[in-house]
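What follows is the content of protein-v5.cif, which has mmCIF, C-alpha atoms:
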data_query
#
loop_
_atom_site.label_atom_id
_atom_site.label_comp_id
_atom_site.auth_asym_id
_atom_site.auth_seq_id
_atom_site.Cartn_x
_atom_site.Cartn_y
_atom_site.Cartn_z
CA MET A 1 -41.88 -122.10 -26.87
CA THR A 2 -38.89 -120.08 -25.74
CA GLN A 3 -35.61 -119.98 -27.63
CA TYR A 4 -32.45 -120.88 -25.73
CA LYS A 5 -28.79 -120.57 -26.65
CA TYR A 6 -26.54 -123.36 -25.41
CA GLN A 7 -22.87 -124.26 -25.20
CA GLY A 8 -21.66 -127.77 -24.49
CA ARG A 9 -19.25 -130.60 -25.24
CA ALA A 10 -19.87 -133.46 -27.63
CA GLY A 11 -18.91 -137.07 -27.01
CA ARG A 12 -15.21 -136.58 -27.76
CA GLY A 13 -14.97 -133.25 -25.99
CA GLN A 14 -15.32 -130.95 -29.01
CA PRO A 15 -17.21 -127.72 -28.20
CA VAL A 16 -20.68 -127.27 -29.68
CA GLN A 17 -23.17 -124.44 -29.53
CA GLY A 18 -26.49 -123.51 -31.07
CA LEU A 19 -30.13 -122.59 -30.51
CA ILE A 20 -32.98 -124.77 -29.26
CA GLU A 21 -36.66 -124.01 -28.76
CA ALA A 22 -38.06 -125.55 -25.57
CA ALA A 23 -40.40 -124.81 -22.69
CA THR A 24 -37.74 -124.64 -19.95
CA GLN A 25 -33.98 -124.85 -19.45
CA ASP A 26 -34.41 -128.34 -18.02
CA ALA A 27 -36.08 -129.40 -21.27
CA VAL A 28 -33.12 -127.98 -23.22
CA ALA A 29 -30.68 -129.89 -21.02
CA ALA A 30 -32.67 -133.10 -21.55
CA GLN A 31 -32.59 -132.62 -25.33
CA LEU A 32 -28.84 -132.01 -25.27
CA VAL A 33 -28.15 -135.08 -23.14
CA GLY A 34 -30.30 -137.09 -25.54
CA ARG A 35 -28.04 -135.91 -28.38
CA GLY A 36 -24.93 -136.97 -26.48
CA ILE A 37 -23.97 -133.38 -25.59
CA THR A 38 -22.92 -132.36 -22.11
CA PRO A 39 -24.44 -128.91 -21.50
CA ILE A 40 -22.12 -126.26 -20.08
CA LYS A 41 -24.15 -123.09 -20.44
CA ILE A 42 -27.83 -122.55 -21.27
CA GLU A 43 -29.36 -119.09 -21.44
CA GLU A 44 -32.60 -117.70 -22.74
CA VAL A 45 -32.39 -115.63 -25.93
CA SER A 46 -33.56 -112.10 -25.30
CA VAL A 47 -36.60 -110.70 -27.09
CA GLY A 48 -34.41 -108.15 -28.88
CA ALA A 49 -32.03 -110.84 -30.12
CA SER A 50 -34.97 -112.96 -31.24
CA TYR A 51 -36.43 -110.07 -33.26
CA LEU A 52 -32.97 -109.32 -34.68
CA ARG A 53 -32.69 -112.90 -35.81
CA ARG A 54 -36.07 -112.72 -37.50
CA LEU A 55 -35.02 -109.50 -39.22
CA ASN A 56 -31.83 -111.17 -40.46
CA ASP A 57 -33.94 -114.02 -41.82
CA LEU A 58 -36.21 -111.52 -43.57
CA ILE A 59 -33.41 -109.55 -45.28
CA GLY A 60 -31.42 -112.66 -46.13
CA SER A 61 -28.42 -112.13 -43.86
CA ASN A 62 -28.63 -115.76 -42.71
CA LYS A 63 -28.77 -117.08 -46.28
CA ILE A 64 -26.41 -119.95 -46.96
CA ARG A 65 -24.07 -118.84 -49.74
CA SER A 66 -22.54 -120.99 -52.43
CA VAL A 67 -19.12 -120.74 -50.77
CA ASP A 68 -20.64 -122.16 -47.57
CA LEU A 69 -22.02 -125.14 -49.48
CA VAL A 70 -18.70 -125.69 -51.26
CA MET A 71 -16.82 -125.79 -47.94
CA PHE A 72 -19.49 -128.07 -46.46
CA CYS A 73 -19.23 -130.50 -49.40
CA ARG A 74 -15.43 -130.55 -49.26
CA GLN A 75 -15.46 -131.24 -45.54
CA MET A 76 -18.10 -133.93 -45.94
CA TYR A 77 -16.03 -135.50 -48.73
CA THR A 78 -13.10 -135.74 -46.32
CA ILE A 79 -15.31 -137.13 -43.55
CA THR A 80 -16.98 -139.79 -45.69
CA LYS A 81 -13.71 -140.70 -47.41
CA ALA A 82 -12.06 -141.26 -44.03
CA GLY A 83 -14.94 -143.46 -42.86
CA ILE A 84 -15.96 -141.19 -39.97
CA PRO A 85 -19.57 -141.81 -38.85
CA LEU A 86 -21.88 -139.21 -40.41
CA THR A 87 -23.46 -138.13 -37.13
CA ARG A 88 -20.14 -137.49 -35.43
CA GLY A 89 -18.71 -135.78 -38.51
CA ILE A 90 -21.72 -133.47 -38.95
CA ARG A 91 -21.72 -132.52 -35.27
CA GLY A 92 -18.02 -131.73 -35.54
CA LEU A 93 -18.72 -129.51 -38.55
CA ALA A 94 -21.54 -127.76 -36.72
CA ALA A 95 -19.17 -127.00 -33.86
CA SER A 96 -16.48 -125.57 -36.15
CA ILE A 97 -18.50 -123.22 -38.35
CA ARG A 98 -19.68 -119.71 -37.49
CA HIS A 99 -22.70 -119.53 -39.79
CA GLU A 100 -25.51 -119.60 -37.25
CA TYR A 101 -28.28 -120.84 -39.53
CA LEU A 102 -26.13 -123.55 -41.13
CA GLN A 103 -25.06 -124.59 -37.66
CA GLU A 104 -28.70 -125.09 -36.69
CA VAL A 105 -29.41 -127.00 -39.90
CA LEU A 106 -26.50 -129.38 -39.31
CA GLY A 107 -27.57 -129.91 -35.71
CA ASP A 108 -31.08 -130.83 -36.84
CA ILE A 109 -29.68 -133.18 -39.51
CA ALA A 110 -27.53 -134.89 -36.89
CA ASP A 111 -30.58 -135.28 -34.64
CA ARG A 112 -32.55 -136.88 -37.48
CA LEU A 113 -29.66 -139.21 -38.31
CA GLU A 114 -29.56 -140.38 -34.69
CA ALA A 115 -33.31 -140.97 -34.89
CA GLY A 116 -32.75 -143.36 -37.80
CA SER A 117 -33.37 -141.08 -40.79
CA GLY A 118 -31.18 -141.14 -43.89
CA LEU A 119 -28.96 -138.20 -44.82
CA SER A 120 -30.95 -137.21 -47.91
CA ALA A 121 -34.24 -137.50 -45.99
CA ALA A 122 -32.84 -135.29 -43.22
CA MET A 123 -31.60 -132.71 -45.74
CA ARG A 124 -34.98 -132.66 -47.47
CA HIS A 125 -36.43 -130.93 -44.39
CA HIS A 126 -34.22 -127.88 -45.11
CA PRO A 127 -35.04 -126.74 -48.67
CA LYS A 128 -33.59 -123.26 -47.99
CA ALA A 129 -30.18 -124.83 -47.44
CA PHE A 130 -30.22 -127.78 -49.85
CA ASN A 131 -32.14 -127.66 -53.13
CA GLN A 132 -33.74 -130.63 -54.85
CA LEU A 133 -30.69 -131.25 -57.05
CA PHE A 134 -28.44 -131.43 -53.98
CA VAL A 135 -30.76 -133.78 -52.09
CA SER A 136 -31.25 -136.08 -55.07
CA MET A 137 -27.50 -136.39 -55.56
CA ILE A 138 -27.05 -137.29 -51.89
CA SER A 139 -29.82 -139.88 -52.19
CA VAL A 140 -28.05 -141.47 -55.15
CA GLY A 141 -24.75 -141.41 -53.25
CA GLU A 142 -26.37 -143.18 -50.30
CA SER A 143 -27.93 -145.90 -52.41
CA SER A 144 -24.79 -146.48 -54.50
CA GLY A 145 -22.31 -146.34 -51.62
CA LYS A 146 -20.40 -143.48 -53.31
CA LEU A 147 -21.36 -140.67 -50.97
CA ASP A 148 -17.80 -139.30 -50.83
CA GLU A 149 -17.59 -139.06 -54.63
CA VAL A 150 -21.00 -137.38 -54.79
CA PHE A 151 -19.91 -134.70 -52.31
CA ARG A 152 -16.79 -134.10 -54.42
CA GLN A 153 -18.85 -133.75 -57.61
CA ILE A 154 -21.37 -131.41 -56.00
CA SER A 155 -18.63 -129.15 -54.62
CA PHE A 156 -17.03 -128.92 -58.09
CA TYR A 157 -20.39 -128.15 -59.73
CA ILE A 158 -21.34 -125.43 -57.24
CA GLU A 159 -17.86 -123.89 -57.33
CA ARG A 160 -17.80 -123.76 -61.12
CA ASP A 161 -21.29 -122.29 -61.28
CA GLU A 162 -20.45 -119.62 -58.69
CA GLU A 163 -17.23 -118.73 -60.49
CA THR A 164 -19.18 -118.07 -63.69
CA ARG A 165 -21.65 -115.85 -61.82
CA LYS A 166 -18.83 -113.83 -60.28
CA ARG A 167 -17.15 -113.33 -63.64
CA ILE A 168 -20.38 -112.08 -65.17
CA LYS A 169 -20.85 -109.61 -62.31
CA ALA A 170 -17.24 -108.44 -62.64
CA ALA A 171 -17.61 -107.96 -66.40
CA MET A 172 -20.78 -105.87 -65.93
CA ARG A 173 -19.29 -103.69 -63.20
CA TYR A 174 -17.59 -101.21 -65.57
CA PRO A 175 -20.63 -100.67 -67.87
CA SER A 176 -22.89 -100.28 -64.85
CA PHE A 177 -20.58 -97.66 -63.36
CA VAL A 178 -20.46 -95.71 -66.64
CA LEU A 179 -24.25 -95.78 -67.06
CA ALA A 180 -24.74 -94.63 -63.46
CA ALA A 181 -22.28 -91.76 -64.01
CA ILE A 182 -24.12 -90.74 -67.19
CA ALA A 183 -27.48 -90.78 -65.36
CA ILE A 184 -26.07 -88.55 -62.59
CA ALA A 185 -24.56 -86.20 -65.18
CA ILE A 186 -27.90 -85.91 -67.01
CA ALA A 187 -29.69 -85.07 -63.77
CA VAL A 188 -27.13 -82.41 -62.75
CA ILE A 189 -27.10 -80.81 -66.20
CA ASN A 190 -30.89 -80.65 -66.40
CA ILE A 191 -31.29 -79.25 -62.88
CA LEU A 192 -28.34 -76.84 -62.62
CA VAL A 193 -26.78 -76.09 -66.01
CA ILE A 194 -29.47 -75.85 -68.67
CA PRO A 195 -31.82 -73.58 -66.62
CA GLU A 196 -29.01 -70.99 -66.30
CA PHE A 197 -28.40 -71.00 -70.04
CA ALA A 198 -32.14 -70.82 -70.66
CA ASN A 199 -32.35 -67.61 -68.58
CA LEU A 200 -29.37 -66.20 -70.47
CA PHE A 201 -30.86 -66.93 -73.90
CA GLU A 202 -34.26 -65.58 -72.84
CA SER A 203 -32.73 -62.24 -71.88
CA PHE A 204 -31.54 -61.77 -75.46
CA GLY A 205 -34.93 -62.61 -76.94
CA ALA A 206 -33.39 -64.39 -79.94
CA GLU A 207 -34.95 -67.32 -81.72
CA LEU A 208 -33.36 -70.54 -80.47
CA PRO A 209 -32.38 -73.60 -82.55
CA ILE A 210 -34.58 -76.67 -82.37
CA VAL A 211 -31.92 -78.65 -80.43
CA THR A 212 -31.73 -75.94 -77.77
CA ARG A 213 -35.51 -75.74 -77.45
CA ILE A 214 -35.69 -79.50 -76.98
CA LEU A 215 -33.02 -79.39 -74.25
CA ILE A 216 -34.75 -76.52 -72.46
CA GLY A 217 -38.14 -78.23 -72.71
CA PHE A 218 -36.73 -81.46 -71.34
CA SER A 219 -35.03 -79.54 -68.52
CA ASP A 220 -38.27 -77.74 -67.63
CA LEU A 221 -40.09 -81.06 -67.59
CA PHE A 222 -37.36 -82.57 -65.41
CA VAL A 223 -37.33 -79.66 -62.93
CA ASN A 224 -41.04 -78.89 -62.70
CA HIS A 225 -42.41 -82.42 -62.95
CA GLY A 226 -39.50 -84.47 -61.60
CA LEU A 227 -41.59 -86.27 -59.00
CA ILE A 228 -44.16 -87.29 -61.59
CA ILE A 229 -41.39 -88.59 -63.86
CA LEU A 230 -39.88 -90.57 -60.99
CA PHE A 231 -43.29 -91.98 -60.14
CA ILE A 232 -43.82 -93.03 -63.76
CA VAL A 233 -40.33 -94.56 -63.99
CA PHE A 234 -40.67 -96.52 -60.76
CA GLY A 235 -44.19 -97.54 -61.73
CA ALA A 236 -42.93 -98.82 -65.08
CA ILE A 237 -40.09 -100.71 -63.38
CA GLY A 238 -42.53 -102.22 -60.89
CA GLY A 239 -44.86 -103.22 -63.72
CA VAL A 240 -42.03 -104.89 -65.64
CA VAL A 241 -40.83 -106.74 -62.52
CA TYR A 242 -44.39 -107.92 -61.81
CA TYR A 243 -44.81 -109.09 -65.40
CA LEU A 244 -41.51 -110.99 -65.32
CA LYS A 245 -42.68 -112.82 -62.20
CA THR A 246 -45.74 -114.11 -64.01
CA GLU A 247 -45.47 -117.38 -65.91
CA LYS A 248 -45.98 -115.72 -69.28
CA GLY A 249 -43.49 -112.94 -68.55
CA ALA A 250 -40.85 -115.33 -67.20
CA LEU A 251 -41.12 -117.51 -70.31
CA ALA A 252 -40.89 -114.49 -72.62
CA TRP A 253 -37.84 -113.09 -70.82
CA GLY A 254 -36.17 -116.50 -70.66
CA LYS A 255 -36.50 -116.79 -74.43
CA ASN A 256 -35.67 -113.22 -75.44
CA LYS A 257 -32.68 -112.64 -73.16
CA MET A 258 -30.75 -115.18 -75.23
CA ARG A 259 -31.35 -112.94 -78.27
CA LEU A 260 -30.04 -109.76 -76.69
CA PRO A 261 -27.23 -107.99 -78.57
CA VAL A 262 -23.71 -108.48 -77.20
CA VAL A 263 -24.72 -110.59 -74.17
CA GLY A 264 -27.32 -112.92 -75.72
CA GLY A 265 -24.72 -115.36 -77.05
CA LEU A 266 -22.97 -115.36 -73.70
CA ILE A 267 -26.20 -116.23 -71.89
CA MET A 268 -26.93 -119.02 -74.35
CA ARG A 269 -23.47 -120.59 -74.01
CA ALA A 270 -23.59 -120.31 -70.22
CA SER A 271 -26.99 -122.06 -70.22
CA MET A 272 -25.70 -124.83 -72.48
CA ALA A 273 -22.68 -125.31 -70.21
CA ARG A 274 -24.88 -125.48 -67.12
CA TYR A 275 -27.27 -127.96 -68.73
CA ALA A 276 -24.47 -130.22 -69.98
CA ARG A 277 -22.63 -130.08 -66.65
CA SER A 278 -25.69 -130.84 -64.51
CA PHE A 279 -27.00 -133.54 -66.88
CA SER A 280 -23.63 -135.30 -67.00
CA LEU A 281 -23.36 -135.03 -63.22
CA MET A 282 -26.75 -136.69 -62.79
CA LEU A 283 -26.09 -139.48 -65.28
CA GLY A 284 -22.60 -140.12 -63.91
CA ALA A 285 -24.05 -140.51 -60.42
CA GLY A 286 -26.54 -143.09 -61.65
CA VAL A 287 -29.71 -140.99 -61.55
CA PRO A 288 -32.40 -142.34 -63.92
CA ILE A 289 -32.52 -140.29 -67.10
CA THR A 290 -36.07 -138.97 -66.61
CA GLN A 291 -35.34 -137.91 -63.04
CA ALA A 292 -32.03 -136.39 -64.18
CA LEU A 293 -33.81 -134.26 -66.78
CA GLY A 294 -36.32 -133.08 -64.18
CA LEU A 295 -33.49 -132.00 -61.88
CA CYS A 296 -31.64 -130.31 -64.74
CA SER A 297 -34.76 -128.28 -65.54
CA GLU A 298 -34.69 -126.92 -61.99
CA ALA A 299 -30.96 -126.18 -62.14
CA ILE A 300 -31.03 -124.32 -65.48
CA ASP A 301 -32.50 -121.11 -63.94
CA ASN A 302 -34.42 -120.18 -67.11
CA PRO A 303 -38.18 -120.87 -67.29
CA TYR A 304 -38.11 -121.07 -71.10
CA LEU A 305 -35.30 -123.65 -71.15
CA GLU A 306 -36.88 -125.41 -68.17
CA LYS A 307 -40.06 -125.94 -70.18
CA LYS A 308 -38.02 -127.26 -73.11
CA ILE A 309 -36.13 -129.72 -70.90
CA LEU A 310 -39.37 -130.96 -69.35
CA GLY A 311 -40.60 -131.52 -72.91
CA ILE A 312 -37.51 -133.67 -73.52
CA ARG A 313 -38.35 -135.69 -70.42
CA GLU A 314 -41.91 -136.24 -71.64
CA GLY A 315 -40.53 -137.44 -74.98
CA ILE A 316 -38.19 -139.88 -73.23
CA GLU A 317 -41.11 -141.19 -71.17
CA ARG A 318 -43.03 -141.79 -74.42
CA GLY A 319 -40.13 -143.90 -75.69
CA ASP A 320 -38.38 -141.41 -78.00
CA SER A 321 -34.60 -141.40 -78.24
CA LEU A 322 -32.44 -138.83 -76.50
CA LEU A 323 -31.28 -137.36 -79.82
CA ARG A 324 -34.80 -137.09 -81.24
CA THR A 325 -36.16 -135.31 -78.18
CA HIS A 326 -33.22 -132.89 -78.19
CA LEU A 327 -33.82 -132.14 -81.87
CA GLN A 328 -37.52 -131.51 -81.25
CA ALA A 329 -36.70 -129.10 -78.40
CA ASP A 330 -35.13 -126.72 -80.98
CA MET A 331 -32.88 -125.08 -78.38
CA PHE A 332 -29.55 -126.89 -78.63
CA THR A 333 -26.54 -126.05 -80.72
CA PRO A 334 -25.19 -128.54 -83.31
CA LEU A 335 -22.29 -129.37 -80.96
CA VAL A 336 -24.64 -130.55 -78.19
CA LEU A 337 -26.75 -132.54 -80.65
CA GLN A 338 -23.69 -134.19 -82.17
CA MET A 339 -22.33 -135.18 -78.76
CA VAL A 340 -25.72 -136.53 -77.68
CA ALA A 341 -25.94 -138.61 -80.86
CA VAL A 342 -22.45 -140.06 -80.47
CA GLY A 343 -22.91 -140.59 -76.73
CA GLU A 344 -26.23 -142.38 -77.23
CA GLU A 345 -24.67 -144.74 -79.76
CA SER A 346 -21.60 -145.44 -77.62
CA GLY A 347 -23.29 -145.41 -74.21
CA GLN A 348 -21.01 -142.58 -73.04
CA VAL A 349 -23.47 -139.69 -72.91
CA GLU A 350 -22.25 -138.39 -69.53
CA ASN A 351 -18.58 -138.36 -70.64
CA LEU A 352 -19.30 -136.51 -73.88
CA LEU A 353 -21.54 -134.03 -72.06
CA VAL A 354 -18.61 -133.25 -69.77
CA GLU A 355 -16.60 -132.34 -72.86
CA VAL A 356 -19.48 -130.15 -74.07
CA ALA A 357 -19.63 -128.42 -70.70
CA GLU A 358 -15.88 -127.80 -70.66
CA PHE A 359 -15.99 -126.43 -74.22
CA TYR A 360 -18.78 -123.99 -73.48
CA GLU A 361 -17.21 -122.99 -70.17
CA ARG A 362 -14.04 -122.05 -72.06
CA GLU A 363 -16.18 -120.10 -74.52
CA VAL A 364 -17.92 -118.32 -71.64
CA ASP A 365 -14.55 -117.46 -70.06
CA TYR A 366 -13.38 -115.94 -73.35
CA ASP A 367 -16.66 -114.06 -73.80
CA LEU A 368 -16.39 -112.63 -70.29
CA LYS A 369 -12.82 -111.49 -70.89
CA THR A 370 -13.83 -109.68 -74.10
CA LEU A 371 -17.26 -108.49 -72.92
CA THR A 372 -15.98 -105.12 -71.73
CA ASP A 373 -14.16 -104.59 -75.03
CA ARG A 374 -17.39 -105.22 -76.93
CA ILE A 375 -19.50 -102.98 -74.70
CA GLU A 376 -17.01 -100.07 -74.71
CA PRO A 377 -17.75 -98.95 -78.32
CA ILE A 378 -21.48 -98.85 -77.56
CA LEU A 379 -20.85 -96.75 -74.44
CA ILE A 380 -18.51 -94.44 -76.36
CA VAL A 381 -21.10 -93.88 -79.12
CA PHE A 382 -23.80 -93.24 -76.53
CA MET A 383 -21.65 -90.78 -74.58
CA SER A 384 -20.51 -89.07 -77.79
CA GLY A 385 -24.11 -88.58 -78.88
CA PHE A 386 -25.02 -87.17 -75.48
CA VAL A 387 -22.10 -84.72 -75.51
CA LEU A 388 -22.81 -83.73 -79.14
CA ILE A 389 -26.47 -82.91 -78.46
CA LEU A 390 -25.53 -80.97 -75.34
CA ALA A 391 -22.80 -79.01 -77.14
CA LEU A 392 -25.04 -78.16 -80.10
CA GLY A 393 -27.88 -77.13 -77.83
CA ILE A 394 -25.68 -74.72 -75.84
CA PHE A 395 -23.18 -73.41 -78.35
CA LEU A 396 -25.38 -72.96 -81.44
CA PRO A 397 -27.43 -70.12 -79.90
CA MET A 398 -24.27 -68.57 -78.49
CA TRP A 399 -22.72 -68.50 -81.96
CA SER A 400 -25.95 -66.99 -83.33
CA LEU A 401 -25.88 -64.28 -80.67
CA TYR A 402 -22.23 -63.57 -81.43
CA ASP A 403 -23.04 -63.17 -85.15
CA VAL A 404 -25.86 -60.78 -84.28
CA GLN A 405 -23.58 -58.68 -82.07
CA THR A 406 -20.79 -58.52 -84.66
CA SER A 407 -23.22 -57.55 -87.44
CA LYS A 408 -24.30 -54.57 -85.40
#

Output the structure of this file as structure tokens.
Amino acid sequence: MTQYKYQGRAGRGQPVQGLIEAATQDAVAAQLVGRGITPIKIEEVSVGASYLRRLNDLIGSNKIRSVDLVMFCRQMYTITKAGIPLTRGIRGLAASIRHEYLQEVLGDIADRLEAGSGLSAAMRHHPKAFNQLFVSMISVGESSGKLDEVFRQISFYIERDEETRKRIKAAMRYPSFVLAAIAIAIAVINILVIPEFANLFESFGAELPIVTRILIGFSDLFVNHGLIILFIVFGAIGGVVYYLKTEKGALAWGKNKMRLPVVGGLIMRASMARYARSFSLMLGAGVPITQALGLCSEAIDNPYLEKKILGIREGIERGDSLLRTHLQADMFTPLVLQMVAVGEESGQVENLLVEVAEFYEREVDYDLKTLTDRIEPILIVFMSGFVLILALGIFLPMWSLYDVQTSK
């Protein structure tokens, strides 16, 4: 099958374009006419462009970002709220966006809708674009007749989640820059500075302090066996990454990263906020509680917590109460447990979980604002220790040599 790029006009004259795999140009034209598109231009995609597209797929350049999904959900909310037919609305969106892969996905969804498929069933064929949580929410919206409200809720959830991720990255930017600068400084000092001082001290033949000998030994090791050290470091990093990808390693890291100093509490509160937000979203949309817990386990992005949430679902399936299963999970804070207990008694679990999510999201915002202030003292102590060892290693022998010269 050859890939063709087309340009055409939809039923109301709006321009559309995209890619189609077919045997001939006539077959492409027939497919377009079947979709209600009048073809204007059809041309075969060159081999180079095809390979470039595959390369973009491989490196992730065509990945659908969170901001793309947010804009899609907002536009779909407007379309469904206004009562515009889904097929026409989705084709209009496909014609107006520039994201090539998303454009193809929307075109395929529109084709499936015209063939009689439901929206959630059509989206389920594109797991790279729409995850299971997204598809399940759309399915609930279809069955309940509240598709517009579901799109609004999904856009808010994705936007809030992405905002938290961006804030965490922004808060870690300064420490990462400082650590990178320290690593570069250590490499330059060991390669260029310490060897010169070592030659100078050797010419005097004096006995060197233990700190200086350690610095010179480390520098010799760095200069003479640098490639071996790099090989060991990269090998260790590769081994750790491989271990974390295993089930046992992922569970261990998911559990222990919430106990890390400084950032462990932040990770825990962010996880609680995400769980409460996604669980309330599911329950508010009318998803059965066991299915909602299964979807929340996928959305939590922590294998350890995912296993705990699946344990809660198993307890619910056995007939246990929501509070009892949450207590047995031994992972929730007293605030979450209290809200679950009150919500279960009053039948307002989803509303109280929204309050829990908002509380923890405010806590996460505060933690992110003060994260740099908490990390700065650690960086200062680390840098001070590095400078102190370097100064003692260089200046102690120089003072000893000066004393020897003055005594003569």

List, as a compact mmCIF listing (two decimals) with C-alpha atoms, keeping the file's coordinate frame, every residue that the PyMOL selection byres ((chain A and resi 274) around 9) selects in the file provided.
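Result written to expr04.txt:
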# COMPACT_ATOMS: atom_id res chain seq x y z
CA ASP A 161 -21.29 -122.29 -61.28
CA ARG A 269 -23.47 -120.59 -74.01
CA ALA A 270 -23.59 -120.31 -70.22
CA SER A 271 -26.99 -122.06 -70.22
CA MET A 272 -25.70 -124.83 -72.48
CA ALA A 273 -22.68 -125.31 -70.21
CA TYR A 275 -27.27 -127.96 -68.73
CA ALA A 276 -24.47 -130.22 -69.98
CA ARG A 277 -22.63 -130.08 -66.65
CA SER A 278 -25.69 -130.84 -64.51
CA PHE A 279 -27.00 -133.54 -66.88
CA CYS A 296 -31.64 -130.31 -64.74
CA ALA A 299 -30.96 -126.18 -62.14
CA ILE A 300 -31.03 -124.32 -65.48
CA ALA A 357 -19.63 -128.42 -70.70
CA TYR A 360 -18.78 -123.99 -73.48
CA GLU A 361 -17.21 -122.99 -70.17

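The closest residue to Lys5 of chain A, picked from A:Pro175, A:Gly116, A:Gly18, A:Gly286 and counting only C-alpha atoms, is A:Gly18.
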
Show me, as a PDB file with C-alpha atoms, keeping the file's coordinate frame, the residues that have an atom within 7 Å of segment 89-91 of chain A when counting all atoms listed in the file, minus same-chain residues fewer than 2 positions from it.
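Once everything was written out, this is around.pdb:
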ATOM      1  CA  ILE A  79     -15.310-137.130 -43.550  1.00  0.00           C
ATOM      2  CA  ILE A  84     -15.960-141.190 -39.970  1.00  0.00           C
ATOM      3  CA  PRO A  85     -19.570-141.810 -38.850  1.00  0.00           C
ATOM      4  CA  LEU A  86     -21.880-139.210 -40.410  1.00  0.00           C
ATOM      5  CA  THR A  87     -23.460-138.130 -37.130  1.00  0.00           C
ATOM      6  CA  LEU A  93     -18.720-129.510 -38.550  1.00  0.00           C
ATOM      7  CA  ALA A  94     -21.540-127.760 -36.720  1.00  0.00           C
ATOM      8  CA  ALA A  95     -19.170-127.000 -33.860  1.00  0.00           C
ATOM      9  CA  LEU A 106     -26.500-129.380 -39.310  1.00  0.00           C
ATOM     10  CA  GLY A 107     -27.570-129.910 -35.710  1.00  0.00           C
ATOM     11  CA  ALA A 110     -27.530-134.890 -36.890  1.00  0.00           C
TER      12      ALA A 110
END

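Here atom CA of Ile158 of chain A is placed at a distance of 16.9 Å from atom CA of Arg362 of chain A.
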
- Message: Show me, as an MDAnalysis selection string, the residues that have an atom within 10 Å of segment 259-264 of chain A when counting only C-alpha atoms, minus same-chain residues fewer than 3 positions from it.
- Response: chainID A and resid 253:256 267:270 367:368 371 374:375 378

- Task: Choose the residue, out of A:Gly34, A:Pro303, A:Gly141, A:Gly385, that has the smallest atom-to-atom separation from Ala115 of chain A; count only C-alpha atoms.
- Result: A:Gly34

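Proximity ranking of A:Asn302, A:Asn224, A:Thr80, A:Ser176 relative to Ala250 of chain A places A:Asn302 first, based on all atoms listed in the file.
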
Got a minute to add N, CA and C atoms to segment 366-377 of chain A and dump it as a compact mmCIF listing (two decimals), keeping the file's coordinate frame?
# COMPACT_ATOMS: atom_id res chain seq x y z
N TYR A 366 -13.88 -116.87 -72.32
CA TYR A 366 -13.38 -115.94 -73.35
C TYR A 366 -14.35 -114.79 -73.56
N ASP A 367 -15.65 -115.11 -73.62
CA ASP A 367 -16.66 -114.06 -73.80
C ASP A 367 -16.61 -113.05 -72.66
N LEU A 368 -16.43 -113.54 -71.44
CA LEU A 368 -16.39 -112.63 -70.29
C LEU A 368 -15.15 -111.74 -70.33
N LYS A 369 -14.04 -112.30 -70.81
CA LYS A 369 -12.82 -111.49 -70.89
C LYS A 369 -12.94 -110.39 -71.94
N THR A 370 -13.69 -110.66 -73.01
CA THR A 370 -13.83 -109.68 -74.10
C THR A 370 -15.14 -108.89 -74.02
N LEU A 371 -15.97 -109.17 -73.01
CA LEU A 371 -17.26 -108.49 -72.92
C LEU A 371 -17.11 -106.99 -72.78
N THR A 372 -16.20 -106.56 -71.93
CA THR A 372 -15.98 -105.12 -71.73
C THR A 372 -15.52 -104.47 -73.02
N ASP A 373 -14.65 -105.15 -73.77
CA ASP A 373 -14.16 -104.59 -75.03
C ASP A 373 -15.28 -104.43 -76.04
N ARG A 374 -16.27 -105.32 -75.99
CA ARG A 374 -17.39 -105.22 -76.93
C ARG A 374 -18.41 -104.17 -76.50
N ILE A 375 -18.54 -103.95 -75.20
CA ILE A 375 -19.50 -102.98 -74.70
C ILE A 375 -18.95 -101.56 -74.80
N GLU A 376 -17.63 -101.40 -74.70
CA GLU A 376 -17.01 -100.07 -74.71
C GLU A 376 -17.39 -99.24 -75.92
N PRO A 377 -17.34 -99.78 -77.17
CA PRO A 377 -17.75 -98.95 -78.32
C PRO A 377 -19.17 -98.45 -78.22
